[in-house]
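Below is input.cif, holding mmCIF, C-alpha atoms.
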```cif
data_upload
loop_
_atom_site.label_atom_id
_atom_site.label_comp_id
_atom_site.auth_asym_id
_atom_site.auth_seq_id
_atom_site.Cartn_x
_atom_site.Cartn_y
_atom_site.Cartn_z
CA MET A 1 62.29 140.63 53.38
CA ALA A 2 62.13 140.21 49.64
CA THR A 3 60.97 136.61 49.90
CA HIS A 4 58.07 137.60 52.11
CA ALA A 5 56.89 140.32 49.80
CA ASP A 6 54.27 139.06 47.42
CA ASP A 7 55.91 140.31 44.30
CA GLY A 8 59.51 139.47 45.12
CA GLU A 9 62.73 141.35 45.04
CA THR A 10 62.04 143.79 42.20
CA THR A 11 59.18 145.37 44.10
CA LEU A 12 61.32 145.72 47.21
CA GLU A 13 64.11 147.38 45.26
CA SER A 14 61.82 149.79 43.53
CA ALA A 15 60.12 150.59 46.79
CA LEU A 16 63.44 151.39 48.39
CA GLU A 17 64.43 153.45 45.38
CA GLU A 18 61.20 155.39 45.64
CA LEU A 19 61.73 155.99 49.32
CA ARG A 20 65.28 157.13 48.79
CA ASN A 21 64.30 159.54 46.06
CA HIS A 22 61.48 160.87 48.14
CA TYR A 23 63.83 161.73 50.97
CA ASP A 24 66.46 163.13 48.65
CA THR A 25 64.36 165.29 46.43
CA ASP A 26 61.67 166.53 48.75
CA GLY A 27 64.13 168.17 51.13
CA HIS A 28 63.79 165.76 54.03
CA GLY A 29 66.11 165.79 56.97
CA VAL A 30 66.70 162.06 56.71
CA GLU A 31 68.16 159.84 54.05
CA LEU A 32 68.07 156.18 53.22
CA ILE A 33 71.41 154.45 53.67
CA GLU A 34 72.34 150.92 52.83
CA VAL A 35 74.41 149.44 55.60
CA ALA A 36 75.24 146.15 57.31
CA GLY A 37 73.25 144.09 54.85
CA GLY A 38 70.15 146.21 55.34
CA TRP A 39 68.90 149.74 55.22
CA GLN A 40 68.63 152.53 57.74
CA ILE A 41 66.89 155.85 57.77
CA LEU A 42 69.42 158.25 59.16
CA THR A 43 69.51 161.96 59.82
CA ARG A 44 71.60 164.03 57.46
CA PRO A 45 74.99 165.30 58.65
CA GLU A 46 73.98 168.94 58.24
CA TYR A 47 71.59 168.54 61.15
CA THR A 48 73.98 166.84 63.55
CA GLU A 49 74.79 170.01 65.44
CA ALA A 50 71.17 171.04 65.71
CA ILE A 51 70.16 167.65 67.03
CA GLU A 52 72.92 167.67 69.60
CA ARG A 53 72.06 171.15 70.74
CA ALA A 54 68.45 170.14 71.19
CA GLN A 55 69.78 167.24 73.24
CA LEU A 56 67.78 164.78 71.27
CA ALA A 57 70.82 162.60 70.82
CA ALA A 58 74.55 162.70 71.34
CA ARG A 59 77.39 161.49 69.22
CA PRO A 60 78.90 158.24 70.45
CA GLN A 61 82.39 158.39 71.86
CA ARG A 62 85.29 157.85 69.54
CA LEU A 63 87.31 154.70 69.90
CA SER A 64 90.96 154.89 70.90
CA ALA A 65 93.75 154.11 68.45
CA ALA A 66 94.47 150.89 70.30
CA ALA A 67 90.82 149.84 70.10
CA LEU A 68 90.68 150.60 66.40
CA GLU A 69 93.85 148.64 65.75
CA THR A 70 92.40 145.67 67.57
CA LEU A 71 89.14 145.99 65.64
CA ALA A 72 91.00 146.22 62.35
CA ILE A 73 92.95 143.06 63.11
CA ILE A 74 89.81 141.18 64.09
CA ALA A 75 87.91 142.44 61.05
CA TYR A 76 90.52 141.06 58.68
CA ARG A 77 91.53 137.92 60.47
CA GLN A 78 88.34 136.66 62.04
CA PRO A 79 87.94 134.35 63.72
CA ILE A 80 91.04 135.25 65.68
CA GLY A 81 92.17 134.61 69.23
CA ARG A 82 93.57 137.00 71.79
CA ALA A 83 97.11 135.64 71.65
CA GLU A 84 97.41 136.30 67.95
CA ILE A 85 96.02 139.80 68.32
CA GLU A 86 98.58 140.51 71.05
CA GLU A 87 101.37 139.20 68.88
CA ILE A 88 100.45 141.47 66.00
CA ARG A 89 100.09 144.58 68.12
CA GLY A 90 102.89 143.84 70.54
CA VAL A 91 100.75 144.73 73.57
CA GLY A 92 98.18 143.04 75.79
CA ALA A 93 94.64 143.00 74.41
CA GLY A 94 92.49 141.79 77.30
CA ALA A 95 91.04 145.09 78.42
CA ILE A 96 90.32 146.27 74.89
CA LEU A 97 88.64 143.02 73.93
CA LYS A 98 86.37 143.33 76.93
CA SER A 99 85.52 146.91 76.05
CA LEU A 100 84.83 146.12 72.40
CA HIS A 101 82.67 143.21 73.45
CA GLU A 102 80.68 145.44 75.78
CA ARG A 103 80.11 147.92 72.98
CA GLY A 104 78.73 145.12 70.86
CA LEU A 105 81.39 145.54 68.18
CA ILE A 106 82.87 142.06 68.55
CA ASP A 107 81.54 138.74 69.68
CA VAL A 108 82.90 135.32 70.54
CA THR A 109 82.45 133.19 67.46
CA GLY A 110 84.06 129.97 68.57
CA ARG A 111 86.98 128.33 70.27
CA GLY A 112 90.41 127.52 68.91
CA GLU A 113 91.63 124.00 68.50
CA GLY A 114 94.89 124.34 70.35
CA LEU A 115 95.92 124.23 73.97
CA GLY A 116 93.35 125.76 76.27
CA ARG A 117 90.78 126.02 73.48
CA PRO A 118 91.06 129.81 73.43
CA LEU A 119 88.15 132.08 72.59
CA LEU A 120 87.97 133.33 69.02
CA TYR A 121 86.53 136.73 68.17
CA GLY A 122 84.73 138.16 65.17
CA THR A 123 83.06 141.46 64.30
CA THR A 124 79.31 141.99 64.58
CA SER A 125 76.70 143.68 62.43
CA SER A 126 76.90 146.58 64.87
CA PHE A 127 80.49 146.95 63.77
CA LEU A 128 79.38 147.20 60.15
CA GLU A 129 76.78 149.73 61.13
CA GLN A 130 79.10 151.92 63.15
CA PHE A 131 81.66 152.03 60.36
CA ALA A 132 79.14 152.48 57.58
CA LEU A 133 80.04 149.23 55.85
CA ARG A 134 77.57 147.27 53.80
CA HIS A 135 79.56 144.13 54.33
CA LEU A 136 83.07 143.13 55.35
CA GLU A 137 84.21 143.07 51.73
CA GLU A 138 83.88 146.85 51.69
CA LEU A 139 87.05 147.06 53.77
CA PRO A 140 90.12 147.81 51.66
CA ARG A 141 91.62 144.71 50.15
CA ALA A 142 95.22 143.88 50.99
CA ASP A 143 96.40 144.88 47.55
CA GLU A 144 94.62 148.19 47.91
CA LEU A 145 96.58 149.15 50.96
CA ALA A 146 99.46 151.51 50.15
CA ILE A 147 101.97 149.58 52.15
CA ALA A 148 101.30 146.42 50.19
CA LEU A 149 101.93 148.30 46.98
CA ARG A 150 105.25 149.74 48.04
CA ALA A 151 108.22 148.02 46.44
CA PRO A 152 111.40 147.63 48.49
CA ARG A 153 114.18 150.00 47.41
CA GLN A 154 116.84 147.32 47.75
CA ALA A 155 116.84 143.57 47.65
CA THR A 156 114.55 142.02 50.21
CA PRO A 157 116.14 141.61 53.67
CA THR A 158 116.61 137.85 53.46
CA SER A 159 118.89 137.99 50.45
CA VAL A 160 121.46 140.59 51.51
CA PRO A 161 124.77 139.79 49.80
CA ALA A 162 127.55 138.46 52.02
CA THR A 163 129.92 141.35 51.30
CA LYS A 164 127.87 143.86 53.30
CA ASP A 165 129.35 144.63 56.75
CA ASN A 166 126.66 142.98 58.84
CA GLY A 167 124.19 145.40 57.33
CA GLU A 168 125.19 147.98 59.95
CA ALA A 169 126.33 150.64 57.49
CA PRO A 170 123.78 153.36 58.26
CA PRO A 171 122.30 155.17 55.25
CA ARG A 172 123.07 158.49 56.96
CA ALA A 173 125.74 159.53 59.39
CA ASP A 174 124.80 159.39 63.00
CA MET B 1 131.90 150.47 62.64
CA ASP B 2 133.47 148.45 65.38
CA ASP B 3 131.95 147.82 68.76
CA VAL B 4 133.83 150.41 70.78
CA ARG B 5 133.01 153.28 68.48
CA LEU B 6 129.41 152.23 68.32
CA THR B 7 129.07 152.45 72.09
CA GLY B 8 130.64 155.90 72.23
CA SER B 9 128.46 157.45 69.59
CA SER B 10 125.32 155.69 70.70
CA LEU B 11 125.78 157.06 74.21
CA ALA B 12 125.72 160.57 72.79
CA VAL B 13 122.62 159.71 70.82
CA ALA B 14 120.97 158.28 73.90
CA GLU B 15 121.71 161.40 75.92
CA ASN B 16 120.24 163.64 73.26
CA ALA B 17 117.23 161.44 72.88
CA ALA B 18 116.72 161.30 76.64
CA SER B 19 116.47 165.06 76.86
CA GLU B 20 113.72 164.96 74.26
CA VAL B 21 111.84 162.33 76.19
CA PHE B 22 110.54 164.78 78.74
CA VAL B 23 108.76 166.67 76.02
CA VAL B 24 107.17 163.69 74.35
CA GLU B 25 104.41 161.85 76.18
CA LEU B 26 104.67 158.14 75.60
CA ALA B 27 100.98 157.73 76.24
CA GLU B 28 100.36 158.92 72.71
CA PHE B 29 101.74 155.69 71.32
CA SER B 30 99.49 152.67 71.17
CA GLY B 31 102.36 150.28 71.70
CA PRO B 32 106.02 149.50 70.96
CA LEU B 33 105.42 149.02 67.23
CA ASP B 34 103.80 152.42 67.09
CA LEU B 35 106.82 153.95 68.79
CA LEU B 36 109.21 152.11 66.49
CA LEU B 37 107.41 153.27 63.38
CA SER B 38 107.46 156.79 64.70
CA LEU B 39 111.22 156.64 65.34
CA ILE B 40 111.77 155.22 61.87
CA ARG B 41 109.72 158.00 60.35
CA ASP B 42 111.34 160.77 62.39
CA GLU B 43 114.83 159.59 61.57
CA GLN B 44 113.85 159.03 57.96
CA ILE B 45 115.12 155.49 58.15
CA ASP B 46 114.62 152.98 55.42
CA ILE B 47 112.48 150.30 56.94
CA TYR B 48 114.15 147.67 54.80
CA ASP B 49 117.59 148.54 56.17
CA ILE B 50 117.19 149.56 59.78
CA PRO B 51 120.33 150.64 61.66
CA ILE B 52 119.53 148.46 64.61
CA ALA B 53 122.07 149.89 67.04
CA ARG B 54 120.80 153.42 66.58
CA ILE B 55 117.15 152.44 66.75
CA ALA B 56 117.70 150.30 69.83
CA GLU B 57 119.41 153.18 71.66
CA GLN B 58 116.70 155.63 70.70
CA PHE B 59 114.00 153.21 71.75
CA LEU B 60 115.63 152.56 75.11
CA ALA B 61 116.10 156.26 75.71
CA ARG B 62 112.45 156.95 74.95
CA ILE B 63 111.14 154.37 77.37
CA SER B 64 113.64 155.14 80.12
CA THR B 65 111.24 157.50 81.86
CA LEU B 66 108.29 155.12 81.93
CA LYS B 67 107.12 153.55 85.15
CA LEU B 68 107.74 149.84 85.24
CA ASP B 69 104.15 148.69 84.78
CA GLU B 70 103.63 150.98 81.79
CA ALA B 71 106.94 149.93 80.33
CA ALA B 72 106.30 146.17 80.37
CA ASP B 73 105.24 145.83 76.73
CA TYR B 74 107.95 148.23 75.62
CA LEU B 75 110.61 146.33 77.55
CA GLU B 76 109.86 143.20 75.57
CA MET B 77 110.44 145.05 72.32
CA ALA B 78 113.56 146.68 73.74
CA ALA B 79 114.93 143.25 74.56
CA ARG B 80 114.20 142.07 71.03
CA LEU B 81 115.97 145.06 69.56
CA VAL B 82 119.04 144.51 71.68
CA ARG B 83 119.05 140.84 70.73
CA ILE B 84 118.87 141.65 67.04
CA LYS B 85 121.70 144.14 67.52
CA ALA B 86 123.81 141.42 69.13
CA GLN B 87 123.02 139.02 66.33
CA MET B 88 124.03 141.60 63.75
CA LEU B 89 127.42 141.91 65.42
CA LEU B 90 128.16 138.20 65.30
CA PRO B 91 130.78 137.36 62.70
CA ARG B 92 129.44 135.48 59.73
CA ARG B 93 130.66 131.99 59.16
CA GLU B 94 132.71 131.21 56.05
CA GLY B 95 130.91 129.36 53.32
CA GLU B 96 127.42 130.41 54.34
CA ASP B 97 125.68 131.33 51.12
CA VAL B 98 122.58 133.10 52.30
CA TRP B 99 122.83 135.24 55.39
CA GLU B 100 119.59 135.41 57.31
CA ASP B 101 119.05 138.97 58.29
CA PRO B 102 118.05 138.95 61.96
CA ARG B 103 116.01 142.07 61.29
CA ALA B 104 113.72 140.24 58.88
CA GLU B 105 111.09 139.25 61.41
CA LEU B 106 111.01 142.73 62.88
CA VAL B 107 110.58 144.27 59.44
CA ARG B 108 107.76 141.87 58.68
CA ARG B 109 106.00 142.85 61.89
CA LEU B 110 106.46 146.54 61.21
CA LEU B 111 105.06 146.23 57.71
CA GLU B 112 102.12 144.27 59.02
CA TYR B 113 101.53 146.89 61.67
CA GLN B 114 101.69 149.63 59.06
CA GLN B 115 98.92 147.85 57.18
CA VAL B 116 96.86 147.75 60.37
CA ARG B 117 97.39 151.49 60.78
CA GLU B 118 96.19 152.13 57.26
CA VAL B 119 93.03 150.17 57.94
CA VAL B 120 92.61 152.15 61.14
CA ASP B 121 92.73 155.37 59.10
CA VAL B 122 89.99 154.08 56.85
CA LEU B 123 87.90 152.99 59.82
CA GLU B 124 88.40 156.32 61.53
CA ARG B 125 87.21 158.26 58.52
CA ARG B 126 84.16 156.09 58.06
CA SER B 127 83.23 156.13 61.70
CA GLU B 128 83.65 159.90 61.88
CA GLU B 129 81.17 160.26 59.04
CA ARG B 130 78.72 157.87 60.62
CA ARG B 131 78.93 159.40 64.09
CA GLY B 132 76.97 162.43 63.08
CA LYS B 133 74.02 160.46 61.76
CA PHE B 134 71.29 159.29 64.01
CA ALA B 135 68.85 156.49 63.54
CA ARG B 136 65.41 156.22 65.01
CA ALA B 137 65.90 154.65 68.33
CA TYR B 138 64.70 154.89 71.84
CA SER B 139 66.35 157.94 73.32
CA GLN B 140 66.29 157.96 77.04
CA GLN B 141 64.65 161.10 78.30
CA ALA B 142 66.43 162.62 81.21
CA ILE B 143 63.93 162.61 84.04
CA GLN B 144 63.02 166.16 84.85
CA LEU B 145 61.92 166.48 88.41
CA PRO B 146 59.26 169.18 88.78
CA VAL B 147 60.65 172.22 90.46
CA ALA B 148 58.89 172.71 93.80
CA GLY B 149 56.92 175.94 93.81
CA PRO B 150 56.25 178.17 96.80
CA LEU B 151 54.15 176.66 99.60
CA ARG B 152 50.47 177.32 99.08
CA ILE B 153 49.18 176.52 102.54
CA SER B 154 49.33 178.64 105.66
CA LEU B 155 51.39 177.86 108.71
CA PRO B 156 48.38 176.92 110.93
CA GLU B 157 47.20 174.50 108.26
CA LEU B 158 50.60 172.92 108.11
CA LEU B 159 50.78 172.60 111.87
CA SER B 160 47.37 170.98 112.16
CA ALA B 161 48.33 168.54 109.42
CA VAL B 162 51.47 167.59 111.38
CA ASP B 163 49.30 167.20 114.44
CA ARG B 164 47.00 164.79 112.66
CA VAL B 165 49.91 162.72 111.48
CA LEU B 166 51.38 162.52 114.94
CA ARG B 167 48.10 161.50 116.51
CA LEU B 168 47.68 158.71 114.03
CA ALA B 169 51.12 157.39 114.75
CA ARG B 170 51.30 154.81 117.44
CA LYS B 171 52.54 156.00 120.78
CA PRO B 172 55.98 154.72 121.39
CA HIS B 173 56.19 152.41 124.36
CA VAL B 174 58.75 154.02 126.58
CA HIS B 175 60.25 151.96 129.33
CA ASP B 176 62.72 153.26 131.84
CA VAL B 177 65.38 150.83 132.79
CA ILE B 178 66.09 151.20 136.51
CA PRO B 179 69.36 149.78 137.57
CA ARG B 180 68.99 147.58 140.63
CA ALA B 181 72.03 146.80 142.65
CA LEU B 182 72.91 143.19 143.16
CA ASP B 183 73.86 141.96 146.53
CA VAL B 184 76.37 139.28 145.78
CA ASP B 185 78.07 139.51 149.19
CA GLY B 186 74.81 139.07 150.99
CA ALA B 187 74.00 136.06 148.86
CA ILE B 188 77.43 134.60 149.56
CA GLY B 189 76.68 134.91 153.24
CA ILE B 190 73.37 133.07 152.85
CA VAL B 191 74.93 130.23 150.84
CA ARG B 192 77.79 129.82 153.30
CA ALA B 193 75.36 129.77 156.21
CA LEU B 194 73.35 127.05 154.53
CA LEU B 195 76.39 124.97 153.64
CA ALA B 196 77.60 125.19 157.22
CA ILE B 197 74.53 123.22 158.24
CA ARG B 198 74.13 120.91 155.26
CA ALA B 199 76.70 119.31 152.99
CA ARG B 200 74.38 119.25 150.04
CA ALA B 201 71.71 121.63 148.90
CA GLN B 202 69.51 122.30 145.92
CA TRP B 203 69.22 125.44 143.94
CA LYS B 204 65.80 126.12 145.33
CA ASP B 205 67.14 125.92 148.86
CA VAL B 206 69.35 128.94 148.44
CA LEU B 207 66.75 131.08 146.79
CA PRO B 208 64.42 133.18 148.86
CA ARG B 209 60.76 132.64 148.17
CA ASN B 210 59.27 134.87 145.46
CA ALA B 211 62.70 136.01 144.66
CA GLU B 212 63.00 139.08 142.51
CA PRO B 213 65.29 139.02 139.51
CA TRP B 214 68.06 140.86 141.30
CA GLU B 215 67.97 138.36 144.11
CA VAL B 216 68.19 135.41 141.71
CA LEU B 217 71.13 137.00 139.96
CA SER B 218 72.87 137.75 143.23
CA VAL B 219 72.58 134.12 144.33
CA LEU B 220 73.77 132.83 140.97
CA LEU B 221 76.81 135.05 141.04
CA ALA B 222 77.45 134.08 144.66
CA LEU B 223 77.38 130.39 143.77
CA LEU B 224 79.75 130.90 140.89
CA GLU B 225 82.11 132.95 143.02
CA LEU B 226 82.14 130.36 145.78
CA ALA B 227 82.65 127.60 143.27
CA LYS B 228 85.58 129.54 141.90
CA ARG B 229 87.02 129.86 145.36
CA GLY B 230 86.61 126.15 145.80
CA GLU B 231 84.16 126.36 148.67
CA LEU B 232 81.51 124.42 146.87
CA ARG B 233 80.93 122.33 143.82
CA LEU B 234 78.14 122.86 141.36
CA MET B 235 76.60 120.15 139.27
CA GLN B 236 73.83 120.11 136.74
CA PRO B 237 72.62 116.51 136.16
CA ARG B 238 70.80 117.24 132.93
CA ALA B 239 70.33 120.19 130.66
CA PHE B 240 68.11 122.83 132.22
CA ALA B 241 67.96 120.85 135.48
CA ALA B 242 68.41 122.55 138.85
CA PHE B 243 71.86 122.98 140.33
CA GLU B 244 73.08 120.60 142.92
CA ILE B 245 75.33 122.27 145.40
CA THR B 246 77.85 120.29 147.35
CA ARG B 247 80.02 121.63 150.07
CA ASP B 248 83.62 121.24 149.16
CA SER B 249 85.57 120.80 152.38
CA SER B 250 88.89 120.11 150.64
CA SER B 251 89.67 123.76 150.15
CA GLU B 252 88.36 124.87 153.50
CA ALA B 253 91.69 125.90 154.70
CA ALA B 254 91.95 128.25 157.51
#
```

Take the structure in the file and give it back as structure tokens.
Amino acid sequence: MATHADDGETTLESALEELRNHYDTDGHGVELIEVAGGWQILTRPEYTEAIERAQLAARPQRLSAAALETLAIIAYRQPIGRAEIEEIRGVGAGAILKSLHERGLIDVTGRGEGLGRPLLYGTTSSFLEQFALRHLEELPRADELAIALRAPRQATPTSVPATKDNGEAPPRAD
Amino acid sequence: MDDVRLTGSSLAVAENAASEVFVVELAEFSGPLDLLLSLIRDEQIDIYDIPIARIAEQFLARISTLKLDEAADYLEMAARLVRIKAQMLLPRREGEDVWEDPRAELVRRLLEYQQVREVVDVLERRSEERRGKFARAYSQQAIQLPVAGPLRISLPELLSAVDRVLRLARKPHVHDVIPRALDVDGAIGIVRALLAIRARAQWKDVLPRNAEPWEVLSVLLALLELAKRGELRLMQPRAFAAFEITRDSSSEAA
């Protein structure tokens, strides 16, 4: 958009800034949000209930935990195939992949090199929009995740000393 | 802990766990890793030093009430757990410097899954926030059918309108189908009489002149019946050609 504007990017930015301020300061029911590599004019959360009651719109259904897990895996590992997703989650992924595809949250981005040339999936801009992300980099980095920061209390599992009784000594009595 | 004692105590654990199973709905877990993490958390187990025997028993007890098709994914994990347990019980060879913990792969998977769950939490929060915001888009209006009001015309008006409609409609062509009896026996008599005189005859020979449909049918059925009885032979030289009837004396037994 900036390249088409006569005066270039600075004018676009200042225009957006002006619009955003206008909505914010003049008490409008909408706000300007940057999302998915673009901008959207969205209603403010304080009016959600009113809008729903007036039946002008309805909140979209929440995704199940399994669907979110699958999405999370795809978001971080794209392009990724079904088999790998199933291995990470430990359950079948076919039905969920179909559902996510139908909702426009994922798309087929290519085919794997191996046997059967399996389909590879990636997230879409709709995904970014629905999760209020400006771009994929806004997802927490691996080193930001708590689990990655947690240090093991003992030596790592692969270097258990030989004197331990098969590692079966339970920390608490059972 | 040796093997025998392990079995005894783990049985007790399994029984206790099984009684809890009826309270907990397994549908609330998104998969075997979810269940495992939950067990680890509930038992306050150190994920880096999992007591495999105990966890395996608990896991098995939890899934014991599942129907087979629901349990499929969980069974695979159960099998893995039991395998790891068996591997842990194997005696270690002398002179092996580094012992490879058979739990290592499982721990890696659990940690990875925990990371996925953390991301899911982030996604859930973000999506919850976004759900309540609406963008300008085409919103499908539910079609409101107009509610029919009370009738504003009088009964005579309505009746005359119906009358007009009926008059404009084409009159249905009604045709009564009158069943006419066939006289197959009579026709048989006629054919036999003719064949007594002549050995061969044509179709037109057995038909009365200006035969009505029921007469034609009677003769046809008579011919077929007589042919069946072997009293005559029917032949049709070409398609749609007339029958040729030949007396068949071979079966004319007494």

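Across the structure, atom CA of Phe243 of chain B and atom CA of Glu231 of chain B are spaced 15.2 Å apart.
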
| query | Quick one: distance from atom CA of Gln114 of chain B to atom CA of Glu69 of chain A in Å, one decimal? | reply | 10.4 Å

Set out as a tab-separated table a contact list for chain B and chain A with a cut-off of 6 Å, giving each residue of chain B that qualifies its closest atom pair and distance in Å to one decimal, counting all atoms listed in the file, ordered by chain and rising residue number.
```
residue	atom	partner	partner_atom	distance
B:Ser30	CA	A:Ala66	CA	5.4
B:Pro51	CA	A:Pro170	CA	5.6
B:Asp73	CA	A:Val91	CA	5.6
B:Met88	CA	A:Asn166	CA	5.7
B:Glu100	CA	A:Thr158	CA	5.4
B:Asp101	CA	A:Thr158	CA	5.5
B:Ala104	CA	A:Pro157	CA	5.9
B:Val120	CA	A:Leu68	CA	5.8
B:Arg126	CA	A:Phe131	CA	5.3
B:Ser127	CA	A:Phe131	CA	4.6
B:Arg131	CA	A:Arg59	CA	5.7
B:Gly132	CA	A:Thr48	CA	5.3
B:Lys133	CA	A:Thr43	CA	5.1
B:Phe134	CA	A:Thr43	CA	5.3
B:Ala135	CA	A:Leu42	CA	4.8
```

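Rounded to one decimal, atom CA of Glu43 of chain B and atom CA of Leu60 of chain B lie 15.3 Å from each other.
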
| query | What does the PyMOL selection byres ((chain B and resi 74) around 12) select in this file, as a VMD selection string? | reply | (chain A and resid 89 to 92) or (chain B and resid 26 to 27 29 to 36 56 59 to 73 75 to 81)

| query | For Ile178 of chain B, which of B:Trp214, B:Ile197, B:Val122, B:Ile190 is the closest residue, counting all atoms listed in the file? | reply | B:Trp214

| request: Scan for residues within 12 Å of the point (70.2, 148.5, 142.3) in the coordinates of the file, using only C-alpha atoms, and reply as a PyMOL selection string. | output: chain B and resi 177-184+212-215+217-218

| Output of the PyMOL selection byres ((chain A and resi 19) around 12), listed as a list in words | Leu12, Glu13, Ser14, Ala15, Leu16, Glu17, Glu18, Arg20, Asn21, His22, Tyr23, Asp24, Thr25, Asp26, His28, Val30, Glu31, Leu32, Ile33, Trp39, Gln40 and Ile41 of chain A

Edge lengths and centre in Å to one decimal, as JSON, is what I'm after for the box along x, y and z that holds all listed atoms of segment 48-60 of chain A once 6 Å is added on each side.
```
{"center_x": 73.3, "center_y": 164.7, "center_z": 68.4, "size_x": 23.1, "size_y": 24.9, "size_z": 21.7}
```

| query | Near Thr124 of chain A, counting only C-alpha atoms, which residues have an atom at most 7 Å away, once you skip same-chain residues fewer than 4 positions from it, shown as number ranges by chain? | reply | A: 105-107, 128

| task | Extract, using all atoms listed in the file, all DNA, RNA and protein residues at most 9 Å from Ile74 of chain A, discarding same-chain residues fewer than 6 positions from it, and format them as a PyMOL selection string. | result | chain A and resi 80-81+85+106+121-123
